[in-house]
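Structure file protein-v2.cif with mmCIF, C-alpha atoms:
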data_target
#
loop_
_atom_site.label_atom_id
_atom_site.label_comp_id
_atom_site.auth_asym_id
_atom_site.auth_seq_id
_atom_site.Cartn_x
_atom_site.Cartn_y
_atom_site.Cartn_z
CA MET A 1 -6.58 -18.85 17.89
CA ALA A 2 -6.78 -16.42 14.99
CA LEU A 3 -6.88 -13.41 17.31
CA ARG A 4 -3.92 -14.77 19.28
CA ASP A 5 -2.09 -15.32 15.98
CA LEU A 6 -2.51 -11.65 15.05
CA GLY A 7 -1.56 -10.46 18.53
CA GLN A 8 1.50 -12.65 18.97
CA GLY A 9 2.63 -11.85 15.45
CA PHE A 10 2.48 -8.13 16.22
CA VAL A 11 4.35 -8.57 19.51
CA HIS A 12 7.23 -10.09 17.57
CA TRP A 13 7.69 -6.83 15.70
CA TRP A 14 11.47 -7.11 15.96
CA LEU A 15 11.35 -10.35 13.96
CA TRP A 16 9.26 -9.27 10.99
CA GLY A 17 10.91 -5.84 11.04
CA LEU A 18 14.37 -7.39 10.85
CA VAL A 19 13.34 -9.85 8.13
CA ALA A 20 11.72 -7.05 6.11
CA TRP A 21 14.94 -5.01 6.30
CA THR A 22 16.93 -8.09 5.31
CA ASP A 23 14.63 -8.56 2.30
CA ILE A 24 15.50 -5.04 1.15
CA LYS A 25 19.22 -5.62 1.61
CA GLN A 26 19.13 -8.95 -0.21
CA ARG A 27 17.15 -7.54 -3.11
CA TYR A 28 19.76 -4.85 -3.79
CA ARG A 29 22.87 -6.72 -2.65
CA GLY A 30 25.90 -5.66 -4.70
CA SER A 31 24.18 -2.49 -5.90
CA VAL A 32 25.82 0.89 -5.30
CA LEU A 33 22.60 2.82 -4.73
CA GLY A 34 20.71 -0.09 -3.16
CA PRO A 35 16.97 0.55 -2.78
CA PHE A 36 17.49 4.09 -4.04
CA TRP A 37 17.56 2.62 -7.56
CA LEU A 38 13.82 2.20 -7.14
CA THR A 39 13.60 5.80 -5.90
CA LEU A 40 15.51 7.00 -8.96
CA SER A 41 13.26 5.10 -11.36
CA THR A 42 10.19 6.44 -9.55
CA ALA A 43 11.53 9.99 -9.83
CA ILE A 44 12.11 9.60 -13.57
CA MET A 45 8.61 8.19 -14.08
CA ILE A 46 6.94 10.94 -12.05
CA GLY A 47 8.93 13.67 -13.81
CA SER A 48 8.13 12.29 -17.26
CA LEU A 49 4.42 11.77 -16.56
CA GLY A 50 4.22 15.17 -14.86
CA MET A 51 5.54 17.03 -17.89
CA LEU A 52 3.33 15.04 -20.27
CA TYR A 53 0.01 15.07 -18.42
CA SER A 54 0.30 18.64 -17.20
CA ARG A 55 0.25 19.63 -20.87
CA LEU A 56 -2.52 17.18 -21.79
CA PHE A 57 -4.71 18.42 -18.93
CA LYS A 58 -3.58 22.03 -19.49
CA THR A 59 -2.59 22.30 -15.82
CA ASP A 60 0.21 24.23 -14.18
CA ILE A 61 2.99 21.73 -13.48
CA ALA A 62 3.72 23.46 -10.14
CA THR A 63 0.34 22.26 -8.82
CA TYR A 64 0.04 19.07 -10.85
CA LEU A 65 3.40 17.45 -10.09
CA PRO A 66 2.96 17.38 -6.26
CA TYR A 67 -0.53 15.92 -6.79
CA LEU A 68 0.78 13.30 -9.21
CA SER A 69 3.84 12.34 -7.16
CA LEU A 70 1.85 11.67 -4.00
CA GLY A 71 -0.80 9.80 -5.94
CA ILE A 72 1.75 7.47 -7.52
CA LEU A 73 3.65 6.97 -4.25
CA ALA A 74 0.49 6.19 -2.27
CA TRP A 75 -0.83 3.90 -4.99
CA GLY A 76 2.52 2.14 -5.18
CA LEU A 77 2.35 1.38 -1.47
CA ILE A 78 -1.23 0.10 -1.58
CA SER A 79 -0.93 -1.95 -4.77
CA THR A 80 2.42 -3.50 -3.84
CA VAL A 81 1.19 -4.53 -0.39
CA LEU A 82 -1.87 -6.20 -1.92
CA GLY A 83 0.14 -7.76 -4.73
CA GLU A 84 2.86 -9.17 -2.48
CA ALA A 85 0.29 -10.29 0.11
CA CYS A 86 -0.85 -12.84 -2.47
CA THR A 87 2.42 -14.71 -2.09
CA ALA A 88 3.01 -14.01 1.62
CA PHE A 89 2.24 -17.58 2.69
CA VAL A 90 3.39 -19.35 -0.46
CA SER A 91 6.84 -17.74 -0.40
CA ALA A 92 7.19 -18.69 3.28
CA GLU A 93 6.26 -22.32 2.64
CA HIS A 94 9.45 -23.79 4.13
CA VAL A 95 9.07 -21.69 7.31
CA ILE A 96 5.38 -22.48 7.78
CA LYS A 97 5.98 -26.22 7.45
CA GLN A 98 9.03 -26.39 9.71
CA ILE A 99 8.65 -23.70 12.40
CA ARG A 100 5.68 -22.99 14.63
CA MET A 101 5.10 -19.25 14.54
CA PRO A 102 2.13 -16.91 13.99
CA LEU A 103 1.11 -16.81 10.33
CA ALA A 104 0.44 -13.07 10.61
CA ILE A 105 4.20 -12.50 10.85
CA HIS A 106 4.54 -13.26 7.14
CA LEU A 107 1.98 -10.58 6.25
CA TYR A 108 3.46 -8.06 8.68
CA ARG A 109 6.79 -8.68 6.94
CA VAL A 110 5.25 -7.73 3.59
CA ILE A 111 3.71 -4.55 5.00
CA ALA A 112 6.91 -3.51 6.80
CA ARG A 113 9.03 -4.13 3.69
CA ASN A 114 6.82 -1.91 1.57
CA LEU A 115 6.67 0.81 4.21
CA ILE A 116 10.47 0.95 4.09
CA VAL A 117 10.38 1.30 0.30
CA PHE A 118 7.67 3.97 0.63
CA GLY A 119 9.92 5.87 3.02
CA HIS A 120 12.74 5.80 0.47
CA ASN A 121 10.43 6.98 -2.30
CA LEU A 122 9.18 9.91 -0.21
CA ILE A 123 12.50 11.55 -1.07
CA VAL A 124 11.00 12.20 -4.52
CA PHE A 125 8.15 14.17 -2.97
CA LEU A 126 10.53 16.09 -0.69
CA VAL A 127 12.41 17.24 -3.79
CA VAL A 128 9.09 18.32 -5.34
CA VAL A 129 8.18 20.18 -2.13
CA VAL A 130 11.42 22.15 -2.18
CA TRP A 131 11.40 22.78 -5.94
CA PHE A 132 7.80 24.03 -6.14
CA SER A 133 7.55 25.51 -2.62
CA VAL A 134 4.65 23.33 -1.54
CA PRO A 135 3.14 24.84 1.64
CA VAL A 136 3.62 22.98 4.92
CA ASN A 137 1.13 23.35 7.79
CA TRP A 138 -0.47 21.44 10.66
CA ALA A 139 -2.70 19.50 8.27
CA ASP A 140 0.38 17.47 7.32
CA LEU A 141 0.12 15.62 10.64
CA LEU A 142 -3.14 14.01 9.51
CA VAL A 143 -1.09 11.75 7.26
CA VAL A 144 -0.24 9.70 10.37
CA PRO A 145 -3.80 8.52 11.20
CA GLY A 146 -4.40 8.12 7.45
CA MET A 147 -1.43 5.78 7.12
CA LEU A 148 -2.44 3.86 10.24
CA LEU A 149 -5.98 3.40 8.91
CA MET A 150 -4.64 2.15 5.58
CA ILE A 151 -2.37 -0.37 7.35
CA LEU A 152 -5.26 -1.46 9.58
CA CYS A 153 -7.32 -2.17 6.47
CA ALA A 154 -4.44 -3.93 4.70
CA VAL A 155 -4.07 -6.56 7.45
CA PRO A 156 -7.41 -8.41 6.98
CA ALA A 157 -7.38 -7.82 3.22
CA GLY A 158 -3.86 -9.21 3.00
CA LEU A 159 -4.73 -12.25 5.12
CA VAL A 160 -7.64 -13.13 2.83
CA LEU A 161 -5.52 -12.71 -0.31
CA ALA A 162 -2.64 -14.71 1.17
CA ALA A 163 -4.93 -17.58 2.17
CA LEU A 164 -6.84 -17.59 -1.14
CA CYS A 165 -3.63 -17.57 -3.15
CA ALA A 166 -2.23 -20.41 -1.06
CA ARG A 167 -5.30 -22.47 -1.97
CA PHE A 168 -5.81 -21.29 -5.55
CA ARG A 169 -2.60 -20.45 -7.40
CA ASP A 170 -4.52 -18.72 -10.21
CA VAL A 171 -5.56 -15.85 -7.95
CA PRO A 172 -2.33 -13.72 -8.06
CA PRO A 173 -2.56 -13.01 -11.83
CA VAL A 174 -6.22 -12.09 -11.38
CA VAL A 175 -5.35 -9.69 -8.54
CA ALA A 176 -2.56 -8.14 -10.63
CA SER A 177 -4.97 -7.58 -13.53
CA LEU A 178 -7.61 -6.06 -11.25
CA LEU A 179 -5.07 -3.70 -9.69
CA GLN A 180 -4.04 -2.53 -13.15
CA VAL A 181 -7.66 -1.75 -14.03
CA ILE A 182 -8.23 -0.01 -10.67
CA PHE A 183 -5.15 2.15 -11.27
CA PHE A 184 -6.72 3.72 -14.35
CA MET A 185 -10.13 4.06 -12.69
CA THR A 186 -8.70 5.83 -9.64
CA PRO A 187 -7.85 9.57 -9.77
CA ILE A 188 -4.10 9.23 -9.48
CA MET A 189 -2.99 10.96 -12.68
CA TRP A 190 -6.24 12.86 -13.13
CA ARG A 191 -8.52 14.82 -10.82
CA PRO A 192 -12.04 13.64 -9.87
CA GLU A 193 -13.58 16.86 -11.21
CA LEU A 194 -12.84 15.67 -14.75
CA LEU A 195 -15.66 13.12 -14.43
CA GLY A 196 -18.22 15.90 -14.30
CA PRO A 197 -21.63 14.58 -13.20
CA HIS A 198 -20.08 11.17 -12.50
CA VAL A 199 -17.60 12.52 -9.96
CA ALA A 200 -19.13 10.29 -7.26
CA LEU A 201 -17.52 7.29 -8.95
CA ALA A 202 -14.15 8.69 -7.92
CA LEU A 203 -15.09 10.26 -4.59
CA TYR A 204 -16.54 7.00 -3.25
CA ASN A 205 -13.79 4.82 -4.65
CA PRO A 206 -12.16 3.24 -1.54
CA PHE A 207 -8.72 3.29 -3.16
CA ASN A 208 -9.07 7.00 -3.91
CA CYS A 209 -10.17 7.66 -0.33
CA PHE A 210 -7.13 5.95 1.17
CA ILE A 211 -4.87 7.79 -1.27
CA ASP A 212 -6.63 11.03 -0.35
CA LEU A 213 -5.87 10.47 3.35
CA ILE A 214 -2.17 10.44 2.44
CA ARG A 215 -2.11 12.95 -0.40
CA ALA A 216 -4.34 15.73 0.93
CA PRO A 217 -2.46 16.34 4.23
CA LEU A 218 0.95 16.40 2.53
CA LEU A 219 -0.41 18.95 0.08
CA GLY A 220 -1.41 21.16 3.00
CA GLU A 221 -5.11 20.34 2.72
CA TRP A 222 -7.63 18.75 5.08
CA PRO A 223 -8.89 15.40 3.76
CA PRO A 224 -12.62 15.57 2.98
CA LEU A 225 -15.02 13.93 5.42
CA THR A 226 -16.17 11.60 2.64
CA SER A 227 -12.71 10.07 2.39
CA TRP A 228 -12.58 9.41 6.13
CA LEU A 229 -16.04 7.82 6.18
CA VAL A 230 -15.41 5.60 3.16
CA ALA A 231 -11.98 4.56 4.47
CA LEU A 232 -13.41 3.73 7.90
CA GLY A 233 -16.28 1.81 6.31
CA SER A 234 -13.90 -0.13 4.07
CA THR A 235 -11.68 -0.99 7.04
CA ALA A 236 -14.66 -2.19 9.08
CA PHE A 237 -15.89 -4.28 6.16
CA CYS A 238 -12.47 -5.88 5.64
CA TRP A 239 -12.28 -6.86 9.30
CA LEU A 240 -15.87 -8.16 9.43
CA VAL A 241 -15.21 -10.35 6.39
CA GLY A 242 -11.47 -10.97 6.52
CA PHE A 243 -11.01 -11.94 10.15
CA PRO A 244 -13.73 -14.66 10.21
CA PHE A 245 -12.32 -15.98 6.91
CA PHE A 246 -8.82 -16.20 8.37
CA ALA A 247 -10.13 -17.78 11.57
CA ARG A 248 -12.07 -20.37 9.58
CA PHE A 249 -9.24 -21.48 7.29
CA ARG A 250 -6.13 -20.67 9.32
CA ALA A 251 -5.49 -24.29 10.30
CA ARG A 252 -5.55 -25.40 6.65
CA ILE A 253 -2.98 -22.96 5.32
CA ALA A 254 -0.03 -25.18 6.24
CA TYR A 255 -1.53 -27.91 4.04
CA TRP A 256 -2.35 -25.54 1.18
CA VAL A 257 1.15 -24.13 0.78
#
Hey, can you dump this file as structure tokens for me?
Amino acid sequence: MALRDLGQGFVHWWLWGLVAWTDIKQRYRGSVLGPFWLTLSTAIMIGSLGMLYSRLFKTDIATYLPYLSLGILAWGLISTVLGEACTAFVSAEHVIKQIRMPLAIHLYRVIARNLIVFGHNLIVFLVVVVWFSVPVNWADLLVVPGMLLMILCAVPAGLVLAALCARFRDVPPVVASLLQVIFFMTPIMWRPELLGPHVALALYNPFNCFIDLIRAPLLGEWPPLTSWLVALGSTAFCWLVGFPFFARFRARIAYWV
């Protein structure tokens, strides 16, 4: 039943894709720039942090700003998907109780919505690419399997978070606090080399590895093998733990919400 739920939910891609796009339109209804307000605020934040931390780290801003912008954009996608997955079932309470449809649709909706926002925010990086003449080569294409692997990992992780948060309403604040701590422990604004002999703490950080699979190709570099192995291992672990959890408690979610 759980496997059929995931499969049927994915087949109805037109439904969760349309609802995700409607969410974006509703969120910025009446706004002139629409979702590009978020892009503008992201650009201001990246520009401000880039000028500040390039001086603090004594790094050339031409190399630091592309690194920083992709780190923040990739982290924004990952953290927002996980954060909004916590309320995926709770926010769809009226639908779950009244309409028979695959529960996975509500998570796919969250992922699709944030991929659309990520696409808007990529404009910031494109400006950085043009301004600082970031090299473009065939390594850029590796961002596609990197993104797919990240989404594949987000599905079981999101299902577990959505189910847990439907049962225990104290979980979302805990997840938000953990994500804030992980942000500072992950090399987004700083480079792993700054840890010196403790560099392994960053290199084997699963969040850093998924960010690396997005950031390295777009910077014209080949993602290290370590990042691929850790990301694949994390994805396998999430499915081995998350799918049985969802299968075990799927029937109870309608009562929890």
* To do: Go through the shown structure with the PyMOL selection byres ((chain A and resi 147-161) around 8) and write out the matching residues as a PyMOL selection string.
  => chain A and resi 81-82+85-86+104+107-108+111+143-146+162-165+210+213-214+231-232+234-236+238-239+242-243+245-246
* Could you check how far CA of Leu38 in chain A sits from CA of Ser177 in chain A, in Å to one decimal? =>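 Those two atoms sit 22.1 Å apart.
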* Write out as JSON, numbers by chain each polymer residue whose atoms come within 8 Å of Ala62 in chain A, counting all atoms listed in the file; drop sequence neighbours fewer than 3 positions from it. => {"A": [65, 66, 132]}
* To do: Excluding range 40-43 of chain A and any residue of its chain fewer than 5 positions from it, enumerate the residues within 12 Å of it, using all atoms listed in the file, and give them as a PyMOL selection string.
  => chain A and resi 33-35+48-50+65-66+68-70+72-73+76+117-118+120-128
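One distance worth recording is that between CA of Leu203 in chain A and CA of Trp190 in chain A, which is 12.6 Å.
CA of Pro244 in chain A sits 27.4 Å away from CA of Thr226 in chain A.
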* Using the chain letters and residue numbers of this document, give as an MDAnalysis selection string the residues selected by the PyMOL selection byres ((chain A and resi 182-189) around 8). => chainID A and resid 53 68 71:72 75 178:181 190:192 202 205 207:208
Selection file, C-alpha atoms, as a CSV table (one decimal), keeping the file's coordinate frame:
chain,number,residue,atom,x,y,z
A,53,TYR,CA,0.0,15.1,-18.4
A,68,LEU,CA,0.8,13.3,-9.2
A,71,GLY,CA,-0.8,9.8,-5.9
A,72,ILE,CA,1.8,7.5,-7.5
A,75,TRP,CA,-0.8,3.9,-5.0
A,178,LEU,CA,-7.6,-6.1,-11.2
A,179,LEU,CA,-5.1,-3.7,-9.7
A,180,GLN,CA,-4.0,-2.5,-13.2
A,181,VAL,CA,-7.7,-1.8,-14.0
A,190,TRP,CA,-6.2,12.9,-13.1
A,191,ARG,CA,-8.5,14.8,-10.8
A,192,PRO,CA,-12.0,13.6,-9.9
A,202,ALA,CA,-14.2,8.7,-7.9
A,205,ASN,CA,-13.8,4.8,-4.6
A,207,PHE,CA,-8.7,3.3,-3.2
A,208,ASN,CA,-9.1,7.0,-3.9
* Asked: Taking (3.4, -11.6, 2.5) in the file's coordinates as the center, which residues reach within 6 Å of it, counting all atoms listed in the file, put as a list in words?
  -> Glu84, Ala85, Thr87, Ala88, His106, Leu107 and Val110 of chain A
* To do: Take the PyMOL selection byres ((chain A and resi 17) around 12), apply it to the structure above, and return the hits as a PyMOL selection string.
  => chain A and resi 9-16+18-24+105-116
* Have a look at A:Phe168, A:Arg248, A:Tyr255, A:Met101 and name the one nearest to Leu6 in chain A; count all atoms listed in the file. => A:Met101
* Structure fact -> From the list A:Leu194, A:Ile253, A:Ala200, A:Val136, the nearest residue to Glu221 in chain A using all atoms listed in the file is A:Val136
* Asked: Which one is closest to Ala216 in chain A: A:Ala74, A:Val199, A:Leu3, A:Val257? Count only C-alpha atoms.
  ->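 Using only C-alpha atoms, the shortest distance to Ala216 in chain A belongs to A:Ala74.
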* For each of A:Leu201, A:Leu219, A:Val174, A:Leu103, take the minimum atom-to-atom distance to Tyr64 in chain A, counting only C-alpha atoms, then give the residue where this is smallest. => A:Leu219
* Taking into account only C-alpha atoms, which residue in the set A:Gly233, A:Gln8, A:Tyr28, A:Gly220 is nearest to Pro135 in chain A? -> A:Gly220
Generate N, CA, C and O atoms for range 160-185 of chain A and emit them as a compact mmCIF listing (two decimals), in the frame of the given file.
# COMPACT_ATOMS: atom_id res chain seq x y z
N VAL A 160 -6.72 -12.43 3.74
CA VAL A 160 -7.64 -13.13 2.83
C VAL A 160 -6.94 -13.45 1.51
O VAL A 160 -7.03 -14.58 1.01
N LEU A 161 -6.22 -12.48 0.95
CA LEU A 161 -5.52 -12.71 -0.31
C LEU A 161 -4.45 -13.79 -0.16
O LEU A 161 -4.29 -14.65 -1.01
N ALA A 162 -3.70 -13.73 0.94
CA ALA A 162 -2.64 -14.71 1.17
C ALA A 162 -3.20 -16.11 1.29
O ALA A 162 -2.64 -17.07 0.74
N ALA A 163 -4.33 -16.25 2.01
CA ALA A 163 -4.93 -17.58 2.17
C ALA A 163 -5.54 -18.07 0.86
O ALA A 163 -5.37 -19.24 0.50
N LEU A 164 -6.23 -17.20 0.15
CA LEU A 164 -6.84 -17.59 -1.14
C LEU A 164 -5.78 -18.01 -2.14
O LEU A 164 -5.95 -19.00 -2.87
N CYS A 165 -4.68 -17.26 -2.18
CA CYS A 165 -3.63 -17.57 -3.15
C CYS A 165 -2.85 -18.82 -2.77
O CYS A 165 -2.27 -19.47 -3.63
N ALA A 166 -2.85 -19.16 -1.47
CA ALA A 166 -2.23 -20.41 -1.06
C ALA A 166 -3.08 -21.60 -1.52
O ALA A 166 -2.55 -22.66 -1.86
N ARG A 167 -4.38 -21.40 -1.55
CA ARG A 167 -5.30 -22.47 -1.97
C ARG A 167 -5.47 -22.52 -3.47
O ARG A 167 -5.49 -23.59 -4.08
N PHE A 168 -5.60 -21.36 -4.10
CA PHE A 168 -5.81 -21.29 -5.55
C PHE A 168 -4.68 -20.47 -6.18
O PHE A 168 -4.65 -19.25 -6.03
N ARG A 169 -3.79 -21.11 -6.88
CA ARG A 169 -2.60 -20.45 -7.40
C ARG A 169 -2.90 -19.58 -8.61
O ARG A 169 -2.01 -18.89 -9.12
N ASP A 170 -4.14 -19.58 -9.09
CA ASP A 170 -4.52 -18.72 -10.21
C ASP A 170 -4.94 -17.32 -9.77
O ASP A 170 -5.16 -16.45 -10.60
N VAL A 171 -5.05 -17.13 -8.46
CA VAL A 171 -5.56 -15.85 -7.95
C VAL A 171 -4.57 -14.70 -8.15
O VAL A 171 -4.99 -13.60 -8.52
N PRO A 172 -3.25 -14.87 -7.91
CA PRO A 172 -2.33 -13.72 -8.06
C PRO A 172 -2.39 -13.02 -9.41
O PRO A 172 -2.43 -11.77 -9.44
N PRO A 173 -2.42 -13.74 -10.56
CA PRO A 173 -2.56 -13.01 -11.83
C PRO A 173 -3.87 -12.24 -11.94
O PRO A 173 -3.91 -11.16 -12.54
N VAL A 174 -4.93 -12.79 -11.36
CA VAL A 174 -6.22 -12.09 -11.38
C VAL A 174 -6.14 -10.81 -10.57
O VAL A 174 -6.62 -9.75 -11.00
N VAL A 175 -5.52 -10.88 -9.39
CA VAL A 175 -5.35 -9.69 -8.54
C VAL A 175 -4.50 -8.65 -9.25
O VAL A 175 -4.82 -7.45 -9.23
N ALA A 176 -3.43 -9.08 -9.91
CA ALA A 176 -2.56 -8.14 -10.63
C ALA A 176 -3.33 -7.44 -11.75
O ALA A 176 -3.17 -6.23 -11.96
N SER A 177 -4.18 -8.18 -12.45
CA SER A 177 -4.97 -7.58 -13.53
C SER A 177 -5.99 -6.59 -12.98
O SER A 177 -6.20 -5.50 -13.54
N LEU A 178 -6.63 -6.96 -11.87
CA LEU A 178 -7.61 -6.06 -11.25
C LEU A 178 -6.95 -4.77 -10.76
O LEU A 178 -7.51 -3.68 -10.93
N LEU A 179 -5.77 -4.89 -10.18
CA LEU A 179 -5.07 -3.70 -9.69
C LEU A 179 -4.70 -2.78 -10.85
O LEU A 179 -4.74 -1.55 -10.70
N GLN A 180 -4.37 -3.36 -11.99
CA GLN A 180 -4.04 -2.53 -13.15
C GLN A 180 -5.26 -1.76 -13.63
O GLN A 180 -5.16 -0.59 -13.99
N VAL A 181 -6.42 -2.42 -13.63
CA VAL A 181 -7.66 -1.75 -14.03
C VAL A 181 -8.02 -0.66 -13.02
O VAL A 181 -8.40 0.46 -13.40
N ILE A 182 -7.89 -0.98 -11.72
CA ILE A 182 -8.23 -0.01 -10.67
C ILE A 182 -7.34 1.21 -10.76
O ILE A 182 -7.78 2.34 -10.48
N PHE A 183 -6.08 1.02 -11.15
CA PHE A 183 -5.15 2.15 -11.27
C PHE A 183 -5.70 3.20 -12.23
O PHE A 183 -5.67 4.41 -11.95
N PHE A 184 -6.21 2.77 -13.37
CA PHE A 184 -6.72 3.72 -14.35
C PHE A 184 -8.08 4.29 -13.98
O PHE A 184 -8.46 5.36 -14.46
N MET A 185 -8.81 3.58 -13.10
CA MET A 185 -10.13 4.06 -12.69
C MET A 185 -10.06 4.94 -11.45
O MET A 185 -11.06 5.51 -11.03
